[in-house]
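**Student:** Next up, upload.csv (CSV, C-alpha atoms).
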chain,number,residue,atom,x,y,z
A,1,ILE,CA,22.6,8.4,10.3
A,2,TRP,CA,23.5,4.8,11.0
A,3,GLU,CA,21.4,3.3,13.8
A,4,ALA,CA,19.4,0.1,14.4
A,5,PRO,CA,17.0,0.4,11.4
A,6,GLU,CA,19.9,0.9,9.0
A,7,LYS,CA,22.0,-1.9,10.5
A,8,ILE,CA,19.1,-4.3,10.3
A,9,LEU,CA,18.3,-3.4,6.7
A,10,PHE,CA,22.0,-3.8,5.8
A,11,ILE,CA,22.0,-7.3,7.2
A,12,PHE,CA,18.8,-8.1,5.2
A,13,LEU,CA,20.5,-6.9,2.0
A,14,ILE,CA,23.5,-9.1,2.7
A,15,ILE,CA,21.1,-12.1,3.3
A,16,SER,CA,19.4,-11.3,0.0
A,17,ILE,CA,22.7,-11.2,-1.9
A,18,PHE,CA,23.5,-14.6,-0.3
A,19,TYR,CA,20.2,-16.1,-1.6
A,20,TYR,CA,20.9,-14.8,-5.1
A,21,ILE,CA,24.3,-16.5,-5.1
A,22,ARG,CA,22.6,-19.6,-3.8
A,23,ALA,CA,20.1,-19.5,-6.7
A,24,ASN,CA,22.9,-19.4,-9.2
A,25,LEU,CA,24.2,-22.6,-7.7
A,26,ASP,CA,20.8,-24.3,-7.7
A,27,VAL,CA,19.9,-26.2,-11.0
A,28,ASN,CA,16.2,-26.1,-10.1
A,29,ALA,CA,16.1,-22.3,-9.8
A,30,ASP,CA,14.9,-20.0,-12.6
A,31,LEU,CA,17.7,-17.5,-12.8
A,32,GLU,CA,15.6,-14.7,-14.4
A,33,VAL,CA,13.0,-15.0,-11.6
A,34,ALA,CA,15.8,-15.2,-9.0
A,35,PHE,CA,17.4,-12.0,-10.4
A,36,SER,CA,14.1,-10.2,-10.4
A,37,THR,CA,13.5,-11.2,-6.8
A,38,PHE,CA,17.0,-10.2,-5.9
A,39,LYS,CA,16.4,-6.8,-7.5
A,40,ASN,CA,13.2,-6.2,-5.5
A,41,TYR,CA,14.8,-7.3,-2.1
A,42,THR,CA,18.2,-5.6,-2.6
A,43,PHE,CA,18.1,-2.7,-5.1
A,44,TYR,CA,14.8,-1.2,-4.2
A,45,PRO,CA,15.5,-1.0,-0.5
A,46,LEU,CA,18.4,1.3,-1.4
A,47,LEU,CA,15.7,3.9,-2.1
A,48,TYR,CA,15.2,3.9,1.7
A,49,PHE,CA,18.8,5.1,2.2
A,50,LEU,CA,18.5,7.5,-0.8
A,51,THR,CA,15.4,9.0,0.8
A,52,VAL,CA,16.9,9.3,4.3
A,53,TYR,CA,20.0,11.0,3.0
A,54,SER,CA,18.2,13.2,0.5
A,55,VAL,CA,15.3,14.5,2.7
A,56,GLN,CA,17.2,16.2,5.5
A,57,ASN,CA,15.3,19.5,5.9
A,58,ILE,CA,11.7,20.6,6.2
A,59,LYS,CA,11.4,22.2,2.8
A,60,ILE,CA,12.4,19.1,0.9
A,61,PHE,CA,10.3,16.9,3.1
A,62,LYS,CA,7.1,19.0,2.6
A,63,ASN,CA,7.8,19.3,-1.2
A,64,THR,CA,8.0,15.5,-1.3
A,65,VAL,CA,4.7,15.0,0.4
A,66,GLN,CA,3.2,17.7,-1.9
A,67,LEU,CA,4.3,15.6,-4.9
A,68,ILE,CA,2.3,12.7,-3.6
A,69,PHE,CA,-0.8,15.0,-3.3
A,70,ILE,CA,-0.2,16.4,-6.8
A,71,GLY,CA,0.2,12.8,-8.2
A,72,GLY,CA,-3.2,11.9,-6.7
A,73,VAL,CA,-4.8,15.0,-8.3
A,74,LEU,CA,-3.4,14.0,-11.7
A,75,ILE,CA,-4.9,10.6,-11.4
A,76,ILE,CA,-8.4,12.2,-11.4
A,77,GLY,CA,-7.9,12.4,-15.2
A,78,PHE,CA,-7.7,8.6,-15.3
A,79,ILE,CA,-10.9,8.4,-13.1
A,80,ALA,CA,-12.8,10.6,-15.6
A,81,ALA,CA,-11.4,8.7,-18.5
A,82,GLY,CA,-12.6,5.4,-17.0
A,83,PHE,CA,-16.1,6.5,-16.4
A,84,PHE,CA,-16.3,8.2,-19.8
A,85,LEU,CA,-15.0,5.2,-21.7
A,86,GLY,CA,-16.9,2.7,-19.6
A,87,GLN,CA,-13.7,1.0,-18.6
A,88,GLY,CA,-10.5,2.2,-16.9
A,89,LEU,CA,-7.2,2.4,-18.9
A,90,TRP,CA,-5.1,-0.8,-18.6
A,91,THR,CA,-7.7,-2.6,-16.5
A,92,GLU,CA,-7.6,-5.6,-18.9
A,93,PHE,CA,-4.4,-6.7,-17.1
A,94,THR,CA,-6.3,-7.4,-13.8
A,95,PRO,CA,-9.5,-9.4,-14.7
A,96,LEU,CA,-12.3,-9.7,-12.2
A,97,SER,CA,-13.5,-12.8,-10.4
A,98,THR,CA,-17.0,-11.3,-10.3
A,99,ALA,CA,-19.1,-9.6,-12.9
A,100,GLY,CA,-18.3,-6.0,-14.0
A,101,VAL,CA,-15.5,-3.8,-15.2
A,102,ARG,CA,-13.0,-1.7,-13.4
A,103,PHE,CA,-13.2,2.1,-13.9
A,104,LEU,CA,-9.7,2.6,-12.6
A,105,ALA,CA,-6.6,0.4,-12.8
A,106,GLY,CA,-5.4,-1.2,-9.6
A,107,THR,CA,-2.1,0.6,-9.8
A,108,HIS,CA,-3.9,4.0,-9.8
A,109,GLY,CA,-6.2,2.8,-7.0
A,110,PHE,CA,-3.1,1.9,-5.0
A,111,TYR,CA,-1.5,5.3,-5.5
A,112,LEU,CA,-4.8,7.0,-4.6
A,113,THR,CA,-5.1,5.0,-1.4
A,114,LEU,CA,-1.8,6.4,-0.2
A,115,SER,CA,-2.6,9.9,-1.3
A,116,THR,CA,-6.0,9.8,0.4
A,117,ILE,CA,-4.7,8.7,3.8
A,118,ILE,CA,-1.9,11.3,3.8
A,119,THR,CA,-4.3,14.0,2.7
A,120,ILE,CA,-6.9,13.1,5.3
A,121,SER,CA,-4.2,13.4,7.9
A,122,LEU,CA,-3.3,16.9,6.7
A,123,LEU,CA,-7.0,17.8,6.6
A,124,ALA,CA,-7.4,16.7,10.2
A,125,PHE,CA,-4.9,19.4,11.1
A,126,LYS,CA,-6.3,21.9,8.7
A,127,LYS,CA,-3.1,22.2,6.7
A,128,PHE,CA,-4.8,23.4,3.5
A,129,ARG,CA,-6.0,26.9,2.7
A,130,ASN,CA,-9.3,25.6,1.4
A,131,ASN,CA,-10.2,22.4,3.3
A,132,GLY,CA,-13.6,22.1,1.6
A,133,PHE,CA,-12.1,22.0,-1.9
A,134,VAL,CA,-9.6,19.4,-0.8
A,135,TRP,CA,-12.4,17.3,0.8
A,136,ALA,CA,-14.1,17.3,-2.6
A,137,ILE,CA,-10.9,16.0,-4.2
A,138,VAL,CA,-10.7,13.2,-1.5
A,139,TRP,CA,-14.3,12.1,-2.3
A,140,ILE,CA,-13.4,11.9,-6.0
A,141,TRP,CA,-10.4,9.8,-5.1
A,142,LEU,CA,-12.7,7.6,-3.0
A,143,LEU,CA,-15.0,7.2,-6.0
A,144,GLY,CA,-12.0,6.1,-8.0
A,145,ILE,CA,-10.9,3.6,-5.4
A,146,ALA,CA,-14.4,2.2,-5.3
A,147,GLY,CA,-14.5,2.1,-9.1
A,148,SER,CA,-11.2,0.1,-9.2
A,149,LEU,CA,-13.1,-2.8,-7.6
A,150,MET,CA,-10.0,-3.7,-5.7
A,151,ARG,CA,-11.4,-5.1,-2.5
A,152,HIS,CA,-8.0,-5.4,-0.7
A,153,LEU,CA,-7.5,-1.6,-1.3
A,154,TRP,CA,-10.9,-0.9,0.3
A,155,LEU,CA,-9.9,-2.9,3.4
A,156,SER,CA,-6.4,-1.4,3.4
A,157,LEU,CA,-7.8,2.1,3.1
A,158,ALA,CA,-10.1,1.5,6.1
A,159,PHE,CA,-7.2,0.0,8.1
A,160,GLY,CA,-4.9,3.0,7.3
A,161,ILE,CA,-7.6,5.5,8.4
A,162,LEU,CA,-8.1,3.5,11.6
A,163,VAL,CA,-4.3,3.6,12.3
A,164,LEU,CA,-4.4,7.4,11.6
A,165,PHE,CA,-7.3,7.8,14.0
A,166,ILE,CA,-5.5,5.9,16.7
A,167,PHE,CA,-2.4,8.1,16.6
A,168,ILE,CA,-3.7,11.6,16.0
A,169,PRO,CA,-4.4,13.8,19.1
A,170,ASN,CA,-7.9,13.7,20.6
A,171,LYS,CA,-8.9,17.3,19.5
A,172,ASN,CA,-8.1,16.4,15.9
A,173,LYS,CA,-10.0,13.1,16.2
A,174,ARG,CA,-13.1,15.1,17.1
A,175,GLY,CA,-12.6,17.4,14.2
A,176,LEU,CA,-12.0,14.5,11.8
A,177,ILE,CA,-15.2,12.8,13.0
A,178,ARG,CA,-17.2,15.9,12.4
A,179,CYS,CA,-15.8,16.3,8.9
A,180,PHE,CA,-16.6,12.6,8.1
A,181,ILE,CA,-20.1,13.0,9.4
A,182,ASN,CA,-20.8,16.3,7.5
A,183,ASN,CA,-19.3,15.0,4.3
A,184,GLY,CA,-20.9,11.6,4.8
A,185,LEU,CA,-24.3,13.1,5.1
A,186,VAL,CA,-23.8,14.9,1.7
A,187,ILE,CA,-22.7,11.7,0.0
A,188,LEU,CA,-25.6,9.7,1.5
A,189,SER,CA,-28.0,12.3,0.3
A,190,LEU,CA,-26.7,12.1,-3.2
A,191,ALA,CA,-26.7,8.3,-3.1
A,192,ALA,CA,-30.3,8.4,-1.9
A,193,ILE,CA,-31.3,10.7,-4.8
A,194,ILE,CA,-29.5,8.4,-7.3
A,195,PHE,CA,-31.2,5.3,-5.7
A,196,LEU,CA,-34.6,6.9,-6.0
A,197,ALA,CA,-34.0,8.0,-9.6
A,198,ILE,CA,-33.1,4.5,-10.5
A,199,ASN,CA,-36.2,3.0,-9.0
A,200,LEU,CA,-38.6,5.7,-10.1
A,201,TYR,CA,-37.3,6.3,-13.6
A,202,PRO,CA,-35.5,3.1,-14.6
A,203,ALA,CA,-36.1,3.7,-18.3
A,204,ARG,CA,-34.2,7.0,-18.2
A,205,ILE,CA,-31.2,5.5,-16.5
A,206,ASN,CA,-28.3,4.3,-18.7
A,207,SER,CA,-28.2,0.6,-18.5
A,208,ASN,CA,-24.4,0.7,-18.2
A,209,ASP,CA,-24.7,2.9,-15.1
A,210,PHE,CA,-27.2,0.5,-13.6
A,211,LYS,CA,-25.0,-2.5,-14.3
A,212,ALA,CA,-22.0,-0.7,-12.8
A,213,MET,CA,-23.9,-0.1,-9.5
A,214,GLN,CA,-25.0,-3.7,-9.4
A,215,ASN,CA,-21.5,-4.9,-10.0
A,216,LEU,CA,-20.2,-2.7,-7.3
A,217,LYS,CA,-22.8,-4.1,-4.9
A,218,GLN,CA,-21.9,-7.6,-5.9
A,219,ARG,CA,-18.2,-6.9,-5.4
A,220,VAL,CA,-18.8,-5.5,-1.9
A,221,ALA,CA,-20.9,-8.5,-1.0
A,222,SER,CA,-18.2,-10.8,-2.2
A,223,VAL,CA,-15.8,-9.6,0.6
A,224,ALA,CA,-18.0,-11.5,3.1
A,225,ASN,CA,-18.4,-14.6,0.9
A,226,VAL,CA,-14.8,-15.6,0.3
A,227,ASN,CA,-15.7,-19.3,-0.1
A,228,GLU,CA,-17.8,-18.5,-3.2
A,229,ASP,CA,-15.2,-16.2,-4.8
A,230,THR,CA,-12.8,-17.8,-7.2
A,231,SER,CA,-10.1,-15.2,-6.6
A,232,ALA,CA,-10.2,-15.7,-2.8
A,233,ALA,CA,-10.3,-19.5,-3.2
A,234,TRP,CA,-7.3,-19.3,-5.5
A,235,ARG,CA,-5.3,-17.3,-3.0
A,236,LEU,CA,-6.3,-19.5,0.0
A,237,GLU,CA,-5.2,-22.7,-1.9
A,238,LEU,CA,-2.0,-21.0,-3.0
A,239,TRP,CA,-1.2,-20.0,0.5
A,240,ARG,CA,-1.9,-23.5,1.8
A,241,SER,CA,0.5,-24.9,-0.8
A,242,ALA,CA,3.1,-22.2,0.1
A,243,LYS,CA,2.9,-23.2,3.8
A,244,LYS,CA,3.7,-26.8,2.9
A,245,VAL,CA,6.7,-25.7,0.8
A,246,TRP,CA,7.9,-23.5,3.7
A,247,LEU,CA,7.7,-26.3,6.2
A,248,THR,CA,10.3,-28.2,4.2
A,249,GLU,CA,12.9,-25.4,4.9
A,250,PRO,CA,11.3,-23.2,7.7
A,251,VAL,CA,14.5,-21.6,9.0
A,252,PHE,CA,16.4,-20.8,5.8
A,253,GLY,CA,13.7,-21.0,3.2
A,254,VAL,CA,13.7,-22.6,-0.3
A,255,GLY,CA,15.6,-19.8,-2.0
A,256,PHE,CA,14.9,-17.5,-5.0
A,257,GLY,CA,13.6,-18.5,-8.4
A,258,LYS,CA,11.4,-21.3,-7.2
A,259,LYS,CA,7.8,-22.2,-8.1
A,260,ILE,CA,4.9,-23.8,-6.2
A,261,LEU,CA,2.7,-26.6,-7.6
A,262,PHE,CA,-0.9,-26.5,-6.5
A,263,GLU,CA,-4.4,-27.4,-7.7
A,264,SER,CA,-6.8,-24.7,-8.8
A,265,GLU,CA,-10.3,-25.6,-10.0
A,266,GLY,CA,-9.3,-29.2,-10.6
A,267,TRP,CA,-6.1,-28.3,-12.6
A,268,GLN,CA,-2.6,-28.6,-11.4
A,269,THR,CA,-0.6,-25.4,-12.0
A,270,ALA,CA,2.6,-23.7,-11.0
A,271,GLU,CA,3.1,-20.3,-9.6
A,272,GLU,CA,6.3,-18.3,-8.8
A,273,ILE,CA,6.8,-18.1,-5.1
A,274,ARG,CA,7.4,-14.3,-5.4
A,275,ASN,CA,3.9,-14.0,-6.9
A,276,ILE,CA,1.9,-15.7,-4.2
A,277,HIS,CA,-0.1,-12.5,-3.5
A,278,ASN,CA,1.3,-12.1,0.0
A,279,SER,CA,4.6,-10.3,0.3
A,280,PRO,CA,5.5,-11.3,3.9
A,281,LEU,CA,4.6,-14.9,3.2
A,282,ALA,CA,6.7,-14.8,0.0
A,283,ILE,CA,9.7,-13.5,2.0
A,284,MET,CA,9.2,-16.2,4.6
A,285,VAL,CA,8.9,-19.1,2.1
A,286,GLN,CA,12.0,-17.9,0.1
A,287,MET,CA,14.2,-16.6,2.9
A,288,GLY,CA,12.8,-18.5,5.8
A,289,LEU,CA,12.2,-17.2,9.3
A,290,ILE,CA,15.6,-15.6,9.3
A,291,GLY,CA,14.8,-13.3,6.3
A,292,LEU,CA,11.3,-12.6,7.5
A,293,ALA,CA,12.6,-11.7,11.0
A,294,PHE,CA,15.1,-9.1,9.7
A,295,PHE,CA,12.5,-7.6,7.4
A,296,VAL,CA,9.9,-7.3,10.2
A,297,PHE,CA,12.4,-6.0,12.7
A,298,PHE,CA,13.6,-3.4,10.2
A,299,VAL,CA,10.0,-2.1,9.6
A,300,LEU,CA,9.2,-2.1,13.3
A,301,SER,CA,12.5,-0.3,14.2
A,302,VAL,CA,11.7,2.4,11.6
A,303,VAL,CA,8.2,2.8,13.1
A,304,VAL,CA,9.5,2.9,16.7
A,305,LYS,CA,12.1,5.5,15.8
A,306,GLY,CA,9.6,7.5,13.9
A,307,LEU,CA,7.1,7.6,16.8
A,308,LYS,CA,9.9,8.8,19.0
A,309,TYR,CA,10.2,12.1,17.0
A,310,ILE,CA,6.7,12.5,15.3
A,311,TYR,CA,5.1,14.4,18.2
A,312,ARG,CA,8.0,16.7,18.8
A,313,ASP,CA,7.3,19.1,16.0
A,314,GLN,CA,3.7,20.2,15.8
A,315,ASP,CA,4.1,21.5,12.2
A,316,LEU,CA,5.5,18.2,10.8
A,317,MET,CA,3.3,15.9,12.9
A,318,PRO,CA,0.4,15.8,10.4
A,319,TYR,CA,2.7,14.8,7.6
A,320,TYR,CA,4.4,12.0,9.5
A,321,LEU,CA,1.2,10.6,10.9
A,322,GLY,CA,-0.2,10.4,7.4
A,323,ILE,CA,2.9,8.7,6.2
A,324,LEU,CA,2.7,6.2,9.1
A,325,ALA,CA,-0.9,5.4,8.3
A,326,GLY,CA,-0.1,5.2,4.6
A,327,LEU,CA,2.6,2.6,5.4
A,328,ALA,CA,0.1,0.6,7.5
A,329,ALA,CA,-2.3,0.6,4.6
A,330,LEU,CA,0.5,-0.5,2.2
A,331,PHE,CA,1.7,-3.2,4.5
A,332,SER,CA,-1.9,-4.6,4.9
A,333,ALA,CA,-2.4,-4.5,1.2
A,334,SER,CA,0.8,-6.5,0.7
A,335,LEU,CA,-0.9,-9.4,2.5
A,336,PHE,CA,-3.2,-9.8,-0.5
A,337,GLN,CA,-1.0,-8.7,-3.5
A,338,PRO,CA,2.7,-9.0,-4.4
A,339,TYR,CA,3.3,-5.3,-3.8
A,340,LEU,CA,6.9,-5.7,-2.6
A,341,GLU,CA,7.6,-7.8,-5.6
A,342,THR,CA,6.0,-5.3,-8.1
A,343,ASN,CA,8.3,-2.6,-9.4
A,344,LEU,CA,5.9,0.4,-9.5
A,345,MET,CA,4.5,-0.4,-6.0
A,346,ALA,CA,7.6,-1.5,-4.1
A,347,ILE,CA,9.3,1.8,-4.6
A,348,PHE,CA,6.6,3.6,-2.6
A,349,PHE,CA,7.1,1.2,0.4
A,350,TRP,CA,10.8,2.0,0.7
A,351,ILE,CA,10.3,5.7,0.0
A,352,LEU,CA,7.6,6.0,2.7
A,353,LEU,CA,9.8,4.2,5.2
A,354,GLY,CA,12.6,6.6,4.3
A,355,LEU,CA,10.3,9.6,4.8
A,356,LEU,CA,9.2,8.3,8.2
A,357,ARG,CA,12.8,7.8,9.2
A,358,SER,CA,13.7,11.3,8.1
A,359,SER,CA,11.8,12.5,11.2
A,360,GLY,CA,14.8,11.7,13.3
A,361,VAL,CA,17.2,13.5,11.0
A,362,ILE,CA,15.1,16.7,10.7
A,363,ASN,CA,14.3,16.8,14.4
A,364,ARG,CA,17.9,16.5,15.4
A,365,LYS,CA,18.9,19.3,13.0
A,366,ILE,CA,16.1,21.5,14.6
A,367,ILE,CA,17.4,20.7,18.1
A,368,ASN,CA,21.0,21.4,17.1
A,369,ARG,CA,20.0,24.7,15.6
A,370,GLU,CA,18.1,25.7,18.7
A,371,ASN,CA,21.0,24.8,20.9
A,372,SER,CA,23.6,26.6,18.9
Can you present the structure in this file as C-alpha cells?
**Tutor:**
Amino acid sequence: IWEAPEKILFIFLIISIFYYIRANLDVNADLEVAFSTFKNYTFYPLLYFLTVYSVQNIKIFKNTVQLIFIGGVLIIGFIAAGFFLGQGLWTEFTPLSTAGVRFLAGTHGFYLTLSTIITISLLAFKKFRNNGFVWAIVWIWLLGIAGSLMRHLWLSLAFGILVLFIFIPNKNKRGLIRCFINNGLVILSLAAIIFLAINLYPARINSNDFKAMQNLKQRVASVANVNEDTSAAWRLELWRSAKKVWLTEPVFGVGFGKKILFESEGWQTAEEIRNIHNSPLAIMVQMGLIGLAFFVFFVLSVVVKGLKYIYRDQDLMPYYLGILAGLAALFSASLFQPYLETNLMAIFFWILLGLLRSSGVINRKIINRENS
C-alpha cells in the first residue's frame, strides 16, 4: 500500500533527515539531543510502516488489539502495589506540583488511558462474553488513572470518550449511556458510603486514606486554577518563550538539538526544545511550519482514509472506532507532555496510526475475496 498517507510520511522522514544533517553542521546544536530527536521523528515512524505491512488480516489485527487489553489487565498489579505501598512504583520521577503522592506512574496511566478507551468501544458493541466483568476491570483502570494524578490524562480520557461517542452509531450510543448511568450509580453509591464513613467515623479511617482523598480533591480543583499551579505556570511560560524562538524562524524552524532560555519563578533556566511538553509545538519550533504541516497532513490523511473503511465491516468497526478515539486521546495528551519525544509513549502513537490504516488493507482483501 502506497497512497497519500505513506507519501506524506515519507516526505516528513526526508525532512527530518535533512534537519539532522543541519544539526551536525550547527556549532550551537547539541548533537546528542539532535540525534535523539532525529530518532523519535525518523526511526519510530517506521513502526507505522511495519504495522501496516504486518497487520494484513483480521486474525492478526484482533490479536494485536487483544494484546492492548491484556497489557491493561496486567497493569492492575501496579495499581494494587501502589495502593498497598502508599506510593506507585517509579512515581518519584514525576513529582507533583500539588500535595500528595501518585498511586500509579504516569506511564502506566498513559497505557491505561488507551486500553480504557479501546475497551469501552468494544463494550459499546458487546464484544465480550462477560460485559459486566469487563466493566469492573474498566472501573479499576479508571481508579488507577485517577490515582496517577495526571490531570492531562483525565482530560485526554474524557476527550477520547467524547470522540468515540461522536462516531459510534446511535443505537450503540444509547446502550453506552445506559451502561455509564448504571455503573455510575453504583460508583456514586460506594463513594457516598465512603464519604459518610469518613465523616461519621473519622477516628477509624486511616489517615493516609483520608489524605489521599484530600489530595485527589485538590488535584481536581487545580485543573480550574491554572494560574495558581506551578506546573501549569511553568508550561505557559515555556510555551511563550517557545513562541518567541519560533518567530525567529517560522517557516523552517530553528533545527534539532537546541534549547530555550526562559524565566521560571525568578530564575533563568534552559530547556530542550524537544521537551517543552507540547509535541506539536516542539515540531513547529524545530522544523517550522513546513515540518508541522507534513506531520498534521499525515495524521489527518490516515484518519480520513480510516473513516472511509471503518463502517464497511460491522465486525471490525468497534475495534477501529476504539483505535480512532485512542489516537484522539493520545494526540490531545501530547499537547501537555512530550509524548512523541518519549520512547515508550511515541511507539504507541505510530502503532495506533498503523492499526487504523490497516482498515484499508483488510477491507480491500475482504472485497477481493468476495469478488473472486
**Student:** So which one's closest to Ala29 of chain A, A:Leu321, A:Ile8, A:Val254, A:Ala80? Using all atoms listed in the file, please.
**Tutor:**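 Of A:Leu321, A:Ile8, A:Val254, A:Ala80, the one nearest Ala29 of chain A is A:Val254, counting all atoms listed in the file.
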**Student:** Pick the closest to Tyr53 of chain A from A:Val302, A:Ile1, A:Leu352, A:Leu335: which is it, counting all atoms listed in the file?
**Tutor:**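 Checking each of A:Val302, A:Ile1, A:Leu352, A:Leu335 against Tyr53 of chain A, counting all atoms listed in the file, the winner is A:Ile1.
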**Student:** To one decimal place in Å, what is the distance between atom CA of Trp154 of chain A and atom CA of Ile120 of chain A?
**Tutor:**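 Going from atom CA of Trp154 of chain A over to atom CA of Ile120 of chain A, I get 15.4 Å.
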**Student:** For each of A:Ser121, A:Ile60, A:Ile14, A:Thr230, take the minimum atom-to-atom distance to Leu162 of chain A, counting only C-alpha atoms, then give the residue where this is smallest.
**Tutor:**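 Closest to Leu162 of chain A of all the choices is A:Ser121.
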**Student:** Residues around (-21.8, 12.2, 1.2), cut-off 12 Å, counting all atoms listed in the file - what are they as a PyMOL selection string?
**Tutor:** chain A and resi 135-136+138-140+142-143+179-193
**Student:** Quick one: pull the distance between atom CA of Trp90 of chain A and atom CA of Leu104 of chain A, Å, one decimal.
**Tutor:**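 Value for the atom CA of Trp90 of chain A-atom CA of Leu104 of chain A distance: 8.3 Å.
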**Student:** So, counting all atoms listed in the file, which residue among A:Leu238, A:Ala233, A:Ala325, A:Ile79 is closest to Thr119 of chain A?
**Tutor:**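 Looking at the shortest contact to Thr119 of chain A, the residue is A:Ala325.
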**Student:** Record the distance separating atom CA of Ile362 of chain A and atom CA of Met317 of chain A, expressed in Å with one decimal.
**Tutor:**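 Answer for the atom CA of Ile362 of chain A to atom CA of Met317 of chain A separation: 12.0 Å.
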**Student:** Using all atoms listed in the file, determine which residues lie at most 9 Å from Leu355 of chain A, disregarding the query and same-chain residues fewer than 6 positions distant; provide the list as a VMD selection string.
**Tutor:** chain A and resid 48 51 to 52 55 61 64 to 65 320 323
**Student:** Residues at most 10 Å from Val304 of chain A, counting only C-alpha atoms, excluding those fewer than 5 positions away in the same chain, as number ranges by chain?
**Tutor:** A: 5, 298-299, 309, 357
**Student:** Which residue, A:Trp234, A:Phe83, A:Phe256, A:Phe12, has the smallest gap to Ser148 of chain A when you use only C-alpha atoms?
**Tutor:**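 Selected residue with least distance to Ser148 of chain A: A:Phe83.
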